[in-house]
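J.: One structure coming up, written as structure tokens, with questions to follow.
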Amino acid sequence: SHAFAPISNVIHAHRHVPSTQLHAEPAQTSASIEMFPVLKKIQGIDWVGQCRYVGTDLKPASFVLQGGVRYELEKDVLRMTSFLTFPNGNVRQVIMEGKRGSLERASMRLDATGEGGPIYMVLTELAPDTILINEVEKESGKIIMTSSLSVVDGGKEIVQVSHELGGSKAPVEGHQVWRLKKASWESGGDTEDNSFRDATGR
């Protein structure tokens, strides 16, 4: 079998192994869990960059998308503002917000602000540098996209890989590969790409 076979198969197999044969790490208590261990490293910054889109056949698309994201923390509340510029120039902006509940729970939920929307997000941080995100369709409860965000290059760049799920033709409809860097105005520089400011009104 393949060396990187689904880990879920291994987990299910372990359920049938006597507990005395399994090694478990000590469970963390809420007092030992840090709030927003990854998000605090990237919050308050305009992250802008490009997205390469790859189809279900794993063939890269000929176009490149532009976009950006900003995470803001206020006590136990997370606010995420993101935008995507399509090849035709249209811009879609999304603002989502959520409150961190008990730290004993691994995940938190973000919902669209204003009139709401058909999608909510479930986010889990894996310290020191990874965030896992599921986008869920409210009406059906189906996960329509799952993503992994990694903070790389000493915190200078974000790499996010997203997989679009639930298509009728294939389980995975496509892949988004984002590379985002701090906008140049964050360090006082000039930039020709003011799309994040334009999209968010900043």
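Each chain in the structure tokens gets a letter, A, B, ..., in the order shown, and its residues are numbered from 1; ligands are numbered from 1 in order too.
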At a cut-off of 10 Å, can you tabulate as CSV every residue of segment 143-175 of chain A near segment 124-127 of chain A together with its closest atom pair and the distance in Å to one decimal, using only C-alpha atoms and ordering rows by chain then number?
T.:
residue,atom,partner,partner_atom,distance
A:Ser148,CA,A:Thr124,CA,9.8
A:Leu149,CA,A:Glu125,CA,9.4
A:Ser150,CA,A:Leu126,CA,9.6
J.: Please produce a file of the residues just selected, as a CSV table (one decimal), in the first residue's frame, where the atoms kept are N, CA, C and O atoms.
T.:
chain,number,residue,atom,x,y,z
A,148,SER,N,-5.6,24.5,4.2
A,148,SER,CA,-4.5,24.5,5.2
A,148,SER,C,-3.7,25.7,5.0
A,148,SER,O,-3.2,26.0,3.8
A,149,LEU,N,-3.6,26.5,6.0
A,149,LEU,CA,-2.8,27.8,5.9
A,149,LEU,C,-1.5,27.6,6.7
A,149,LEU,O,-1.6,27.1,7.9
A,150,SER,N,-0.4,27.9,6.1
A,150,SER,CA,0.9,27.8,6.8
A,150,SER,C,1.6,29.1,6.8
A,150,SER,O,1.7,29.8,5.8
J.: Determine, counting only C-alpha atoms, which protein, DNA and RNA residues have an atom within 12 Å of an atom of Lys75 of chain A; residues of the same chain fewer than 6 positions away are not included. Present the result as a ChimeraX atom specification.
T.: /A:35-36,40,98-101
J.: When distances are computed from only C-alpha atoms, which of A:Val152, A:Ile33, A:Val69, A:Leu165 shows the smallest separation from Glu135 of chain A?
T.: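 Using only C-alpha atoms, Glu135 of chain A sits closest to A:Leu165.
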J.: Distance atom CA of Lys181 of chain A-atom CA of Pro60 of chain A, one decimal place?
T.: 21.7 Å
J.: Return the single residue from A:Val64, A:Glu104, A:Gly49, A:Thr113 that is closest to Arg79 of chain A, with distances computed using only C-alpha atoms.
T.: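 Of the candidates, the smallest distance to Arg79 of chain A is held by A:Thr113.
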J.: For Met108 of chain A, which residue out of A:Gly89, A:Gly67, A:Val77, A:Pro128 is the nearest one, using only C-alpha atoms?
T.: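 Nearest candidate to Met108 of chain A out of A:Gly89, A:Gly67, A:Val77, A:Pro128: A:Val77.
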J.: DSSP on the backbone, then: every residue of segment 15-109 of chain A marked strand (DSSP E), written as a VMD selection string.
T.: chain A and resid 47 to 55 60 to 74 77 to 85 91 to 99 107 to 109
J.: Under the rule that only C-alpha atoms are counted, which of A:Arg109, A:Lys169, A:Lys41, A:Lys142 is the nearest residue to Arg70 of chain A?
T.: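 So, comparing all the options, the nearest one is A:Lys41.
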J.: Find the residues near Ala112 of chain A: any atom within 10 Å, counting only C-alpha atoms, skip ones fewer than 6 places away on the same chain, and give them as a PDB file with N, CA and C atoms, in the first residue's frame.
T.:
ATOM      1  N   ARG A  79     -11.976  38.598  13.550  1.00  0.00           N
ATOM      2  CA  ARG A  79     -12.645  39.171  12.386  1.00  0.00           C
ATOM      3  C   ARG A  79     -11.742  38.983  11.172  1.00  0.00           C
ATOM      4  N   MET A  80     -12.262  38.363  10.137  1.00  0.00           N
ATOM      5  CA  MET A  80     -11.487  38.095   8.927  1.00  0.00           C
ATOM      6  C   MET A  80     -12.117  38.823   7.739  1.00  0.00           C
ATOM      7  N   THR A  81     -11.310  39.630   7.065  1.00  0.00           N
ATOM      8  CA  THR A  81     -11.745  40.324   5.858  1.00  0.00           C
ATOM      9  C   THR A  81     -10.914  39.812   4.697  1.00  0.00           C
ATOM     10  N   VAL A  94     -15.487  39.380   1.418  1.00  0.00           N
ATOM     11  CA  VAL A  94     -16.187  38.614   2.451  1.00  0.00           C
ATOM     12  C   VAL A  94     -15.645  39.040   3.811  1.00  0.00           C
ATOM     13  N   ILE A  95     -16.538  39.302   4.746  1.00  0.00           N
ATOM     14  CA  ILE A  95     -16.152  39.612   6.123  1.00  0.00           C
ATOM     15  C   ILE A  95     -16.822  38.585   7.027  1.00  0.00           C
ATOM     16  N   MET A  96     -16.017  37.900   7.813  1.00  0.00           N
ATOM     17  CA  MET A  96     -16.553  36.875   8.719  1.00  0.00           C
ATOM     18  C   MET A  96     -16.010  37.123  10.128  1.00  0.00           C
ATOM     19  N   GLU A  97     -16.798  36.738  11.097  1.00  0.00           N
ATOM     20  CA  GLU A  97     -16.441  37.042  12.483  1.00  0.00           C
ATOM     21  C   GLU A  97     -16.906  35.921  13.394  1.00  0.00           C
ATOM     22  N   GLY A  98     -16.148  35.701  14.446  1.00  0.00           N
ATOM     23  CA  GLY A  98     -16.526  34.684  15.407  1.00  0.00           C
ATOM     24  C   GLY A  98     -15.865  34.914  16.748  1.00  0.00           C
ATOM     25  N   PRO A 118     -24.633  32.051   3.133  1.00  0.00           N
ATOM     26  CA  PRO A 118     -24.938  30.615   3.111  1.00  0.00           C
ATOM     27  C   PRO A 118     -23.812  29.735   3.645  1.00  0.00           C
ATOM     28  N   ILE A 119     -22.661  30.347   3.946  1.00  0.00           N
ATOM     29  CA  ILE A 119     -21.476  29.569   4.344  1.00  0.00           C
ATOM     30  C   ILE A 119     -20.987  30.026   5.714  1.00  0.00           C
ATOM     31  N   TYR A 120     -20.537  29.078   6.532  1.00  0.00           N
ATOM     32  CA  TYR A 120     -19.786  29.422   7.739  1.00  0.00           C
ATOM     33  C   TYR A 120     -18.471  28.670   7.726  1.00  0.00           C
ATOM     34  N   MET A 121     -17.520  29.132   8.521  1.00  0.00           N
ATOM     35  CA  MET A 121     -16.191  28.535   8.563  1.00  0.00           C
ATOM     36  C   MET A 121     -15.915  27.948   9.935  1.00  0.00           C
TER      37      MET A 121
END
J.: Find, counting only C-alpha atoms, the residue in A:Leu180, A:Leu84, A:Met145, A:Val161 that gets nearest to Ile131 of chain A.
T.: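 Checking each of A:Leu180, A:Leu84, A:Met145, A:Val161 against Ile131 of chain A, counting only C-alpha atoms, the winner is A:Val161.
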J.: Distance atom CA of Glu72 of chain A-atom CA of Ser140 of chain A, one decimal place?
T.: 29.1 Å
J.: Find the residues around Gln66 of chain A up to 8 Å (only C-alpha atoms counted), leave out those fewer than 3 positions away in its own chain, and share them as a list in words.
T.: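 In the requested form, the answer reads Val48, Gly49, Gln50, Cys51, Leu84, Thr85 and Phe86 of chain A.
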J.: Which residue is closest to Ile158 of chain A? Choose from A:Ala183, A:Leu78, A:Ile143, A:Ala170 and count only C-alpha atoms.
T.: A:Ala183
